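Accompanying notes for the structure given below.
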Amino acid sequence: MSRKRPQVDAARLALMLTELRLPTMKAVWPEFTDRADQEGWPAAHTLAALTEQELVDRARRRIERHLTEAQLPPGKTLANFDFDAVPMISKAQVMALSAGDRWLDEGANLILFGPPGGGKSHLAAAMGLALVENGFRVLYTRTTDLVQRLQVARRELTLETAIQKLNKYHLLILDDLSYVTKDQAETSVLFELIATRYEQRSMLITANQPFGEWGKIFPDPAMTLAAVDRLVHHATIFELNVDSYRRRTAMEKQRGPGRPASRATIKTTKDVSLSDN
Ligand code: ADP
Ligand code: MG
């Protein structure tokens, strides 16, 4: 190697590229410069090719980091979401929202309502994944987990900082908002979060309960009203009012040939109540 490139100190070049945080160039320069020498590339061409490669890899690494930080549940994509199961939802609209466009710039929200098993978490995670792939930063969390974290921050007098830190996410996905418990509601950290993000940063919220039932999520009716008001001011609302997807697929399987319908019904009902949890 040193015989081939007597004019540079390879070890020092590697150190300099590390110092400049150019890991791709550090990894590929020997291969690129060898080819350049063999094929007689002009020096400027070689430099441009190396720089280009660094940029391509940098974009890929960035998306990988954003995917890790997003904490999305695995395996939930738009490709494996069956839109036929939710005829009231426009696939075109979901696709447009998943591209990011204006709604994230405006800090608008998306709210998914529907009974358990209807596909709210799947759709939320799939849209989150698409947005990360389109260059946005997303955090997916169970609402109760985030509220717990914010309550700790409040006790440590760092609530404002904790909420500000979430500003780096273009979209915060709060799954199962209606699972917030009465004692969690009392500290009103969720309201603080909603008020801070209002018209600044977007939220995607899923809930089993319609707004009318949100009284237990916030400390008092006035705060509930104020929270809902801010959330819906710029919001798209989807209602996935469908039977549990798992229940339906389980029933379709049971309906297969060779099974007496009477037995299938009993077994299905039992399976469903377990699998919906
Ligand atoms: P919810 O959050 O509304 O309770 P989930 O999104 O957790 O429902 O859906 C329950 C299960 O059914 C998940 O495994 C999910 O991937 C699957 N599922 C629900 N709806 C669909 C759908 N339309 N297409 C494909 N899978 C679905
Ligand atoms: Mg869910």
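Going by the structure tokens order, chains are called A, B, ..., each with residues numbered from 1, while ligands are numbered from 1 in the order shown.
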
Using DSSP assignments from the backbone, pull out every residue in segment 147-277 of chain A that falls under helix (DSSP H, G or I) and give it to me as a PyMOL selection string. chain A and resi 147-155+159-168+177-179+182-185+189-197+211-216+221-233+245-254+261-275

Give me the chain A side of the contact with ligand 2, cut-off 7 Å, one line per residue showing its nearest atom pair and distance in Å at one decimal, counting only C-alpha atoms and all ligand atoms, sorted by chain and residue number, as a Markdown table.
```
| residue | atom | partner | partner_atom_place_in_ligand_line | distance |
| --- | --- | --- | --- | --- |
| A:Pro116 | CA | ligand 2 | 1 (Mg) | 6.5 |
| A:Gly117 | CA | ligand 2 | 1 (Mg) | 6.7 |
| A:Gly119 | CA | ligand 2 | 1 (Mg) | 6.9 |
| A:Lys120 | CA | ligand 2 | 1 (Mg) | 5.5 |
| A:Ser121 | CA | ligand 2 | 1 (Mg) | 4.1 |
| A:Asp175 | CA | ligand 2 | 1 (Mg) | 6.5 |
| A:Asp176 | CA | ligand 2 | 1 (Mg) | 6.1 |
```

Return as a PyMOL selection string the residues of protein, DNA or RNA that approach ligand 1 to within 9 Å, with only C-alpha atoms and all ligand atoms taken into account. chain A and resi 75-86+112-125+175-176+206-208+240+242+244-247+249+275-277

Prev. selection, N, CA and C atoms, output as a short mmCIF file (atom, residue, chain, number, x, y, z; two decimals), in the first residue's frame:
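selection_13.cif written:
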```
data_model
loop_
_atom_site.label_atom_id
_atom_site.label_comp_id
_atom_site.auth_asym_id
_atom_site.auth_seq_id
_atom_site.Cartn_x
_atom_site.Cartn_y
_atom_site.Cartn_z
N GLY A 75 -42.40 -3.42 11.90
CA GLY A 75 -43.27 -4.17 10.98
C GLY A 75 -44.57 -3.48 10.59
N LYS A 76 -44.78 -2.24 11.02
CA LYS A 76 -46.03 -1.55 10.67
C LYS A 76 -45.74 -0.54 9.57
N THR A 77 -46.12 -0.92 8.35
CA THR A 77 -45.84 -0.05 7.21
C THR A 77 -47.13 0.30 6.47
N LEU A 78 -47.05 1.29 5.60
CA LEU A 78 -48.21 1.61 4.77
C LEU A 78 -48.43 0.49 3.76
N ALA A 79 -47.33 -0.15 3.34
CA ALA A 79 -47.44 -1.22 2.35
C ALA A 79 -48.23 -2.40 2.91
N ASN A 80 -48.05 -2.69 4.20
CA ASN A 80 -48.81 -3.84 4.74
C ASN A 80 -50.04 -3.42 5.53
N PHE A 81 -50.47 -2.18 5.31
CA PHE A 81 -51.75 -1.74 5.89
C PHE A 81 -52.84 -1.94 4.85
N ASP A 82 -53.87 -2.66 5.25
CA ASP A 82 -54.94 -3.01 4.33
C ASP A 82 -55.99 -1.89 4.33
N PHE A 83 -55.91 -1.03 3.33
CA PHE A 83 -56.84 0.12 3.29
C PHE A 83 -58.28 -0.32 3.02
N ASP A 84 -58.44 -1.49 2.42
CA ASP A 84 -59.80 -1.99 2.16
C ASP A 84 -60.55 -2.23 3.47
N ALA A 85 -59.79 -2.48 4.54
CA ALA A 85 -60.43 -2.75 5.83
C ALA A 85 -60.98 -1.48 6.47
N VAL A 86 -60.54 -0.32 5.99
CA VAL A 86 -61.03 0.96 6.54
C VAL A 86 -61.53 1.86 5.40
N LEU A 112 -56.59 10.11 15.34
CA LEU A 112 -57.21 8.87 14.90
C LEU A 112 -58.09 8.32 16.03
N PHE A 113 -59.37 8.23 15.75
CA PHE A 113 -60.30 7.65 16.71
C PHE A 113 -60.72 6.27 16.25
N GLY A 114 -61.14 5.44 17.19
CA GLY A 114 -61.70 4.16 16.80
C GLY A 114 -61.57 3.14 17.91
N PRO A 115 -62.38 2.10 17.83
CA PRO A 115 -62.34 1.05 18.85
C PRO A 115 -61.03 0.25 18.78
N PRO A 116 -60.71 -0.49 19.84
CA PRO A 116 -59.48 -1.30 19.86
C PRO A 116 -59.42 -2.26 18.67
N GLY A 117 -58.24 -2.39 18.12
CA GLY A 117 -58.03 -3.36 17.04
C GLY A 117 -58.34 -2.83 15.65
N GLY A 118 -58.76 -1.58 15.57
CA GLY A 118 -59.17 -1.02 14.28
C GLY A 118 -58.03 -0.57 13.39
N GLY A 119 -56.82 -0.58 13.92
CA GLY A 119 -55.66 -0.24 13.09
C GLY A 119 -55.08 1.14 13.35
N LYS A 120 -55.47 1.78 14.46
CA LYS A 120 -54.97 3.14 14.76
C LYS A 120 -53.46 3.15 14.96
N SER A 121 -52.97 2.24 15.81
CA SER A 121 -51.53 2.22 16.10
C SER A 121 -50.74 1.86 14.85
N HIS A 122 -51.26 0.90 14.09
CA HIS A 122 -50.58 0.48 12.86
C HIS A 122 -50.47 1.67 11.90
N LEU A 123 -51.58 2.35 11.68
CA LEU A 123 -51.59 3.47 10.74
C LEU A 123 -50.67 4.59 11.23
N ALA A 124 -50.72 4.87 12.54
CA ALA A 124 -49.88 5.94 13.10
C ALA A 124 -48.40 5.60 12.91
N ALA A 125 -48.03 4.36 13.21
CA ALA A 125 -46.63 3.94 13.10
C ALA A 125 -46.18 3.96 11.64
N ASP A 175 -49.66 7.58 21.29
CA ASP A 175 -50.57 6.46 21.09
C ASP A 175 -51.41 6.25 22.36
N ASP A 176 -52.70 5.99 22.15
CA ASP A 176 -53.63 5.71 23.24
C ASP A 176 -53.71 6.81 24.29
N THR A 206 -53.74 9.01 18.91
CA THR A 206 -54.75 7.96 18.74
C THR A 206 -55.53 7.83 20.05
N ALA A 207 -56.81 7.55 19.92
CA ALA A 207 -57.65 7.42 21.12
C ALA A 207 -58.84 6.52 20.83
N ASN A 208 -59.16 5.70 21.83
CA ASN A 208 -60.36 4.85 21.72
C ASN A 208 -61.63 5.66 21.99
N LEU A 240 -61.69 5.52 12.56
CA LEU A 240 -61.57 4.13 12.09
C LEU A 240 -62.63 3.29 12.80
N VAL A 242 -64.28 0.62 12.73
CA VAL A 242 -64.39 -0.71 12.15
C VAL A 242 -64.22 -1.75 13.24
N SER A 244 -62.55 -4.95 15.05
CA SER A 244 -61.16 -5.32 15.24
C SER A 244 -60.65 -6.11 14.03
N TYR A 245 -59.51 -5.66 13.52
CA TYR A 245 -58.92 -6.32 12.35
C TYR A 245 -58.56 -7.76 12.68
N ARG A 246 -58.02 -7.95 13.88
CA ARG A 246 -57.63 -9.31 14.30
C ARG A 246 -58.85 -10.21 14.41
N ARG A 247 -59.92 -9.63 14.98
CA ARG A 247 -61.14 -10.42 15.12
C ARG A 247 -61.67 -10.85 13.76
N THR A 249 -59.99 -11.11 10.89
CA THR A 249 -59.15 -12.11 10.21
C THR A 249 -59.28 -13.46 10.91
N SER A 275 -56.89 -11.50 22.38
CA SER A 275 -55.94 -10.90 21.44
C SER A 275 -56.11 -9.39 21.34
N ASP A 276 -57.20 -8.84 21.81
CA ASP A 276 -57.38 -7.40 21.70
C ASP A 276 -56.62 -6.62 22.77
N ASN A 277 -56.04 -7.32 23.73
CA ASN A 277 -55.36 -6.60 24.80
C ASN A 277 -53.94 -6.25 24.45
#
```

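Distances here use only C-alpha atoms; by that measure, the residue among A:Ile205, A:Leu20, A:Met251, A:Ala130 closest to Leu231 of chain A is A:Ile205.
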
Hey, which bits of segment 120-236 of chain A sit within 8 Å of segment 91-103 of chain A, and for each residue what's the closest pair of atoms and how far apart in Å (one decimal), counting only C-alpha atoms, rows by chain and increasing number, as JSON lines?
```
{"residue": "A:Met127", "atom": "CA", "partner": "A:Ser98", "partner_atom": "CA", "distance": 5.2}
{"residue": "A:Gly128", "atom": "CA", "partner": "A:Ser98", "partner_atom": "CA", "distance": 7.4}
{"residue": "A:Ala130", "atom": "CA", "partner": "A:Ser98", "partner_atom": "CA", "distance": 5.7}
{"residue": "A:Leu131", "atom": "CA", "partner": "A:Ser98", "partner_atom": "CA", "distance": 5.6}
{"residue": "A:Asn134", "atom": "CA", "partner": "A:Ala99", "partner_atom": "CA", "distance": 6.5}
{"residue": "A:Phe136", "atom": "CA", "partner": "A:Gly100", "partner_atom": "CA", "distance": 7.6}
{"residue": "A:Ser202", "atom": "CA", "partner": "A:Trp103", "partner_atom": "CA", "distance": 7.7}
```

Go ahead and dump the residues you just picked, N, CA and C atoms, as a short mmCIF file (atom, residue, chain, number, x, y, z; two decimals), in the first residue's frame.
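result.cif was written with the following content:
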```cif
data_model
loop_
_atom_site.label_atom_id
_atom_site.label_comp_id
_atom_site.auth_asym_id
_atom_site.auth_seq_id
_atom_site.Cartn_x
_atom_site.Cartn_y
_atom_site.Cartn_z
N MET A 127 -47.35 5.78 9.18
CA MET A 127 -47.19 7.16 8.71
C MET A 127 -45.90 7.76 9.29
N GLY A 128 -45.64 7.42 10.55
CA GLY A 128 -44.40 7.89 11.18
C GLY A 128 -43.18 7.40 10.42
N ALA A 130 -42.99 6.47 7.25
CA ALA A 130 -42.90 7.15 5.95
C ALA A 130 -42.32 8.56 6.12
N LEU A 131 -42.73 9.24 7.18
CA LEU A 131 -42.24 10.60 7.41
C LEU A 131 -40.75 10.61 7.72
N ASN A 134 -38.93 10.27 4.72
CA ASN A 134 -38.96 11.51 3.93
C ASN A 134 -38.17 12.63 4.58
N PHE A 136 -38.17 13.64 7.97
CA PHE A 136 -38.68 14.29 9.17
C PHE A 136 -38.26 13.52 10.43
N SER A 202 -46.26 19.43 15.27
CA SER A 202 -47.42 18.56 15.07
C SER A 202 -47.49 17.40 16.06
#
```

Taking the chain letters and numbering used in this document, name the residues of segment 120-163 of chain A that DSSP puts in strand (DSSP E), as a list in words. Val138, Leu139, Tyr140, Thr141 and Arg142 of chain A

Take the selection from the previous step and output its residues with N, CA, C and O atoms, as a compact mmCIF listing (two decimals), in the first residue's frame.
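Here's the written file part18.txt:
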```txt
# COMPACT_ATOMS: atom_id res chain seq x y z
N VAL A 138 -39.40 12.08 14.07
CA VAL A 138 -40.64 11.60 14.66
C VAL A 138 -40.32 10.90 15.98
O VAL A 138 -39.26 10.28 16.11
N LEU A 139 -41.21 11.01 16.94
CA LEU A 139 -41.10 10.17 18.15
C LEU A 139 -42.45 9.50 18.38
O LEU A 139 -43.48 10.17 18.45
N TYR A 140 -42.41 8.17 18.48
CA TYR A 140 -43.62 7.40 18.75
C TYR A 140 -43.56 6.96 20.21
O TYR A 140 -42.58 6.38 20.65
N THR A 141 -44.61 7.25 20.95
CA THR A 141 -44.61 6.85 22.35
C THR A 141 -46.03 6.56 22.82
O THR A 141 -46.99 7.14 22.31
N ARG A 142 -46.12 5.63 23.77
CA ARG A 142 -47.41 5.47 24.42
C ARG A 142 -47.62 6.73 25.25
O ARG A 142 -46.70 7.18 25.94
```

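Atom pair atom CA of Ala108 of chain A / atom CA of Met203 of chain A: separated by 7.3 Å.
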